[in-house]
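Asks: Pasting work.cif below, which is mmCIF, C-alpha atoms.
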data_data
#
loop_
_atom_site.label_atom_id
_atom_site.label_comp_id
_atom_site.auth_asym_id
_atom_site.auth_seq_id
_atom_site.Cartn_x
_atom_site.Cartn_y
_atom_site.Cartn_z
CA MET A 1369 -57.45 9.27 23.29
CA VAL A 1370 -57.96 12.62 25.04
CA ASN A 1371 -56.24 15.58 23.38
CA THR A 1372 -55.17 17.55 26.45
CA LEU A 1373 -53.91 20.50 24.37
CA SER A 1374 -57.51 21.42 23.40
CA PHE A 1375 -58.73 21.42 26.99
CA PRO A 1376 -58.53 24.18 29.60
CA SER A 1377 -55.87 24.01 32.27
CA ALA A 1378 -58.20 22.16 34.70
CA LEU A 1379 -60.86 19.48 33.99
CA LEU A 1380 -63.02 17.06 35.93
CA PHE A 1381 -62.36 13.37 35.47
CA GLU A 1382 -64.15 10.44 37.01
CA ARG A 1383 -62.95 6.97 38.02
CA VAL A 1384 -65.20 4.00 37.71
CA PHE A 1385 -65.25 0.80 39.77
CA SER A 1386 -62.67 -0.91 37.55
CA GLY A 1387 -60.16 1.83 38.37
CA HIS A 1388 -60.08 3.38 34.91
CA VAL A 1389 -60.38 7.16 34.61
CA PHE A 1390 -62.47 8.98 32.01
CA CYS A 1391 -63.61 12.51 31.23
CA ALA A 1392 -66.72 13.23 33.31
CA ASP A 1393 -68.66 14.58 30.35
CA CYS A 1394 -67.72 11.59 28.17
CA LEU A 1395 -68.63 9.13 30.92
CA HIS A 1396 -72.10 10.65 31.34
CA HIS A 1397 -72.86 10.09 27.66
CA ILE A 1398 -72.19 6.34 27.51
CA THR A 1399 -75.26 4.18 26.90
CA ARG A 1400 -74.20 1.12 28.92
CA GLN A 1401 -73.01 1.18 32.50
CA THR A 1402 -69.81 -0.77 31.74
CA CYS A 1403 -66.22 0.39 31.67
CA PRO A 1404 -65.38 1.46 28.10
CA LEU A 1405 -61.97 -0.21 28.41
CA CYS A 1406 -62.50 -3.50 30.24
CA ARG A 1407 -66.31 -3.82 29.98
CA VAL A 1408 -66.68 -4.38 33.73
CA PRO A 1409 -70.11 -3.20 34.96
CA PHE A 1410 -70.13 -0.32 37.44
CA ASP A 1411 -72.66 1.50 39.59
CA PRO A 1412 -72.93 5.22 38.70
CA ARG A 1413 -73.19 5.92 42.41
CA SER A 1414 -69.69 4.47 42.90
CA ILE A 1415 -68.08 6.93 40.46
CA VAL A 1416 -65.33 8.97 42.10
CA LYS A 1417 -64.85 12.52 40.85
CA LEU A 1418 -61.26 13.62 40.19
CA HIS A 1419 -59.74 17.06 39.58
CA VAL A 1420 -56.80 17.10 37.19
CA ASP A 1421 -54.51 20.11 36.56
CA LEU A 1422 -53.54 19.83 32.89
CA ASP A 1423 -50.47 22.05 33.32
CA ILE A 1424 -49.04 19.48 35.69
CA VAL A 1425 -50.03 16.70 33.29
CA LYS A 1426 -48.30 18.47 30.41
CA ALA A 1427 -45.15 18.98 32.48
CA ALA A 1428 -45.17 15.34 33.46
CA SER A 1429 -45.76 14.35 29.84
CA ALA A 1430 -42.84 16.53 28.71
CA GLY A 1431 -40.63 14.95 31.36
CA SER A 1432 -41.73 11.53 30.22
CA GLY A 1433 -40.87 12.47 26.62
CA GLN A 1434 -37.43 13.65 27.69
CA ALA A 1435 -36.92 10.43 29.61
CA SER A 1436 -38.02 8.50 26.53
CA GLU A 1437 -35.51 10.43 24.40
CA ASN A 1438 -32.77 9.76 26.95
CA SER A 1439 -33.67 6.09 26.97
CA SER A 1440 -33.52 6.00 23.17
CA ALA A 1441 -30.13 7.77 23.20
CA GLU A 1442 -28.82 5.31 25.79
CA GLN A 1443 -30.00 2.41 23.67
CA GLU A 1444 -28.24 3.82 20.61
CA ALA A 1445 -25.08 4.46 22.66
CA ARG A 1446 -25.25 0.89 23.94
CA SER A 1447 -25.61 -0.36 20.37
CA LEU A 1448 -22.56 1.64 19.29
CA HIS A 1449 -20.60 0.25 22.25
CA GLU A 1450 -21.53 -3.27 21.19
CA ARG A 1451 -20.35 -2.59 17.63
CA ILE A 1452 -17.06 -1.21 18.94
CA ALA A 1453 -16.64 -4.28 21.17
CA ALA A 1454 -17.28 -6.53 18.16
CA VAL A 1455 -14.55 -4.70 16.24
CA ALA A 1456 -12.15 -5.16 19.15
CA ASN A 1457 -12.94 -8.87 19.46
CA ALA A 1458 -13.26 -9.98 15.85
CA GLY A 1459 -11.75 -7.15 13.81
CA THR A 1460 -13.30 -5.62 10.71
CA THR A 1461 -12.51 -4.00 7.38
CA GLU A 1462 -11.35 -0.42 7.10
CA ALA A 1463 -14.59 0.52 5.29
CA ASN A 1464 -16.76 -0.88 8.11
CA LEU A 1465 -14.56 0.81 10.70
CA ARG A 1466 -14.95 4.18 8.99
CA SER A 1467 -18.72 3.64 8.81
CA LEU A 1468 -18.79 2.95 12.56
CA ILE A 1469 -16.74 6.09 13.25
CA SER A 1470 -19.15 8.13 11.12
CA ASP A 1471 -22.18 6.72 13.01
CA CYS A 1472 -20.54 7.51 16.37
CA LYS A 1473 -19.73 11.07 15.31
CA THR A 1474 -23.25 11.64 14.01
CA PHE A 1475 -24.79 10.37 17.24
CA LEU A 1476 -22.46 12.24 19.59
CA SER A 1477 -22.83 15.50 17.66
CA SER A 1478 -26.51 15.53 18.64
CA GLN A 1479 -25.77 14.91 22.33
CA PRO A 1480 -24.45 17.25 25.04
CA ARG A 1481 -20.67 17.03 25.39
CA SER A 1482 -21.02 16.27 29.09
CA ILE A 1483 -22.61 12.84 28.55
CA PHE A 1484 -21.50 9.58 26.94
CA GLN A 1485 -17.87 10.25 27.83
CA ASP A 1486 -17.01 6.55 27.60
CA LEU A 1487 -18.35 6.42 24.06
CA ARG A 1488 -16.36 9.52 23.15
CA VAL A 1489 -13.18 7.88 24.47
CA SER A 1490 -13.96 4.71 22.51
CA LEU A 1491 -14.54 6.83 19.41
CA ARG A 1492 -11.12 8.43 19.76
CA MET A 1493 -9.57 4.99 20.17
CA ILE A 1494 -11.17 3.46 17.09
CA ALA A 1495 -10.46 6.64 15.09
CA TYR A 1496 -6.80 6.26 16.04
CA LEU A 1497 -6.98 2.57 15.14
CA CYS A 1498 -8.46 3.48 11.76
CA GLU A 1499 -5.66 5.96 11.08
CA VAL A 1500 -3.07 3.36 12.11
CA LYS A 1501 -4.63 0.81 9.76
CA SER A 1502 -4.76 3.38 6.96
CA THR A 1503 -1.10 4.30 7.54
CA LEU A 1504 -0.13 0.63 7.69
CA ARG A 1505 -2.00 -0.07 4.46
CA SER A 1506 -0.27 2.86 2.78
CA ARG A 1507 3.12 1.65 4.01
CA ASN A 1508 2.38 -1.89 2.85
CA GLN A 1509 1.53 -0.52 -0.59
CA THR A 1510 4.81 1.39 -0.58
CA VAL A 1511 6.70 -1.74 0.47
CA ASP A 1512 4.97 -3.79 -2.23
CA SER A 1513 5.83 -1.14 -4.82
CA LEU A 1514 9.47 -1.01 -3.69
CA THR A 1515 9.63 -4.81 -3.65
CA GLU A 1516 8.29 -4.93 -7.20
CA LYS A 1517 10.83 -2.32 -8.30
CA LEU A 1518 13.59 -4.24 -6.50
CA GLU A 1519 12.62 -7.45 -8.25
CA GLY A 1520 12.68 -5.60 -11.58
CA SER A 1521 16.08 -4.12 -10.72
CA GLN A 1522 17.35 -7.57 -9.73
CA ALA A 1523 16.24 -8.96 -13.09
CA GLU A 1524 18.02 -6.10 -14.88
CA TYR A 1525 21.10 -6.68 -12.73
CA ASP A 1526 21.13 -10.39 -13.58
CA GLU A 1527 20.78 -9.55 -17.27
CA LEU A 1528 23.66 -7.08 -17.04
CA GLN A 1529 25.75 -9.69 -15.28
CA VAL A 1530 25.14 -12.12 -18.14
CA ARG A 1531 26.05 -9.46 -20.70
CA LEU A 1532 29.13 -8.56 -18.69
CA LEU A 1533 30.27 -12.18 -18.69
CA GLU A 1534 29.67 -12.35 -22.45
CA LEU A 1535 31.67 -9.15 -22.99
CA ASP A 1536 34.44 -10.42 -20.75
CA GLY A 1537 34.57 -13.66 -22.75
CA ALA A 1538 34.68 -11.68 -25.99
CA ARG A 1539 37.47 -9.48 -24.57
CA LYS A 1540 39.53 -12.52 -23.59
CA GLU A 1541 39.06 -14.02 -27.05
CA ALA A 1542 40.17 -10.73 -28.60
CA VAL A 1543 43.23 -10.62 -26.33
CA ASN A 1544 44.14 -14.19 -27.22
CA ALA A 1545 43.66 -13.48 -30.91
CA ARG A 1546 45.83 -10.37 -30.64
CA ARG A 1547 48.50 -12.28 -28.78
CA LYS A 1548 48.36 -15.00 -31.38
CA THR A 1549 48.63 -12.43 -34.13
CA GLU A 1550 51.53 -10.72 -32.38
CA GLY A 1551 53.25 -14.07 -31.94
CA GLU A 1552 52.81 -14.91 -35.61
CA LYS A 1553 54.03 -11.44 -36.51
CA LYS A 1554 57.12 -11.85 -34.36
CA GLU A 1555 57.74 -15.25 -35.90
CA VAL A 1556 57.45 -13.81 -39.40
CA GLN A 1557 59.75 -10.95 -38.44
CA ALA A 1558 62.28 -13.38 -36.96
CA THR A 1559 62.15 -15.50 -40.11
CA ALA A 1560 62.60 -12.44 -42.28
CA VAL A 1561 65.57 -11.28 -40.22
CA GLN A 1562 67.11 -14.74 -40.42
CA ARG A 1563 66.68 -14.88 -44.18
CA GLU A 1564 68.07 -11.37 -44.50
CA LEU A 1565 71.16 -12.42 -42.53
CA GLU A 1566 71.55 -15.49 -44.68
CA LEU A 1567 71.25 -13.46 -47.88
CA THR A 1568 73.68 -10.88 -46.57
CA GLN A 1569 76.17 -13.61 -45.73
CA LYS A 1570 75.77 -15.18 -49.20
CA VAL A 1571 76.22 -11.83 -50.89
CA SER A 1572 79.32 -11.23 -48.80
CA GLU A 1573 80.71 -14.64 -49.77
CA MET A 1574 79.97 -13.99 -53.44
CA GLN A 1575 81.67 -10.60 -53.21
CA ASN A 1576 84.72 -12.20 -51.64
CA LYS A 1577 84.81 -14.85 -54.37
CA TYR A 1578 84.41 -12.18 -57.01
CA ILE A 1579 87.26 -10.18 -55.48
CA ASP A 1580 89.43 -13.32 -55.37
CA LEU A 1581 88.56 -14.04 -58.98
CA LEU A 1582 89.49 -10.52 -60.04
CA GLU A 1583 92.74 -10.80 -58.16
CA GLN A 1584 93.54 -14.05 -59.95
CA VAL A 1585 92.69 -12.48 -63.32
CA ARG A 1586 94.86 -9.47 -62.54
CA ILE A 1587 97.76 -11.67 -61.52
CA THR A 1588 97.39 -13.76 -64.64
CA LEU A 1589 97.32 -10.70 -66.85
CA LEU A 1590 100.47 -9.35 -65.19
CA LYS A 1591 102.23 -12.58 -65.77
CA ILE A 1592 101.27 -12.55 -69.42
CA ILE A 1593 102.43 -9.03 -69.83
CA LEU A 1594 105.67 -9.55 -68.05
CA ASP A 1595 106.46 -12.96 -69.51
CA PRO A 1596 105.25 -13.37 -73.08
CA LYS A 1597 106.28 -16.98 -72.99
CA VAL A 1598 103.55 -17.73 -70.60
CA SER A 1599 100.99 -17.29 -73.34
#
Rewrite the structure of this file - the entire thing - as structure tokens.
Replies:
Amino acid sequence: MVNTLSFPSALLFERVFSGHVFCADCLHHITRQTCPLCRVPFDPRSIVKLHVDLDIVKAASAGSGQASENSSAEQEARSLHERIAAVANAGTTEANLRSLISDCKTFLSSQPRSIFQDLRVSLRMIAYLCEVKSTLRSRNQTVDSLTEKLEGSQAEYDELQVRLLELDGARKEAVNARRKTEGEKKEVQATAVQRELELTQKVSEMQNKYIDLLEQVRITLLKIILDPKVS
């Protein structure tokens, strides 16, 4: 390989019969009259001298390098487009989506903002999709948490309902027992009142009999006093 950077700006090259081009000085030092590349014999008299301006060659080489870089960038952009299309068609995980977004950002940050506009638009779309998925995941977690709390609250509510029914049953039993006690108390009071009335009536009768007996005794005594013969 010829290192053009070590040569002056203009050199002589020669082309042999096979069409290959070599440095004139190098070609004059070969030992066999065959092309160093394809081994085709050539006549030294058929050699064509060429004049090459290395500045032009370097410029062309630089342009070729730039074109090669552009081609490489286009290939990478095409690869990123294919990955984005695969996400759109088959879906992917949030981790893979974030990795794709990171790769797109890294690539586009090294490119002029005036190119790969379609890829930039696709990047904004998948970035928005990633945020939507992240928000949806967060909301789903919130819903799951609220659902779990609701289920726990429902269990507590059911337990309280059972306890409430038990307390209500106990309250009804207490009310019935109190009513029963009050009824028995009223019955005892009624019986006591009835017995008290009966005793009062008997006492009154005995008092009346006692008064009658006293009256009879008094009358008898008067008779005895007034009529001694009665004795």
Asks: Pick out the closest residue to Cys1472 in chain A from this set: A:Arg1505, A:Lys1577, A:His1397, A:Arg1488. Count only C-alpha atoms.
Replies: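 Ranking A:Arg1505, A:Lys1577, A:His1397, A:Arg1488 by distance to Cys1472 in chain A, first place goes to A:Arg1488.
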Asks: So, with only C-alpha atoms as the atoms that count, which of A:His1388, A:Lys1548, A:Arg1507, A:Lys1473 lies closest to Ala1445 in chain A?
Replies: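 Under the stated criterion, the closest residue is A:Lys1473.
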Asks: Take CA of Thr1510 in chain A and CA of Val1455 in chain A and report the distance between them in Å, one decimal.
Replies: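 Distance between the two atoms: 26.4 Å.
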Asks: Which one is closest to Cys1391 in chain A: A:Arg1407, A:Val1416, A:Val1511, A:Arg1539? Count all atoms listed in the file.
Replies: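 Using all atoms listed in the file, Cys1391 in chain A sits closest to A:Val1416.
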Asks: Which residues fall under the PyMOL selection byres ((chain A and resi 1460-1465) around 10) in this file, as a count of residues only?
Replies: 22
Asks: Find the distance between CA of Glu1516 in chain A and CA of Leu1528 in chain A and write it in Å to one decimal.
Replies: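 Those two atoms sit 18.4 Å apart.
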Asks: One decimal, in Å: what's the spacing between CA of Ser1440 in chain A and CA of Ser1477 in chain A?
Replies: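 Atom-to-atom, CA of Ser1440 in chain A and CA of Ser1477 in chain A are spaced 15.3 Å apart.
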Asks: When you count all atoms listed in the file, which of these residues is closest to Phe1475 in chain A: A:Asp1580, A:Glu1444, A:Glu1450, A:Glu1550?
Replies: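 Closest to Phe1475 in chain A, using all atoms listed in the file: A:Glu1444.
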Asks: For Arg1400 in chain A, please output as a list in words all residues within 9 Å (counting all atoms listed in the file; exclusion window: fewer than 3 positions along the same chain).
Replies: Cys1403, Pro1404 and Pro1409 of chain A
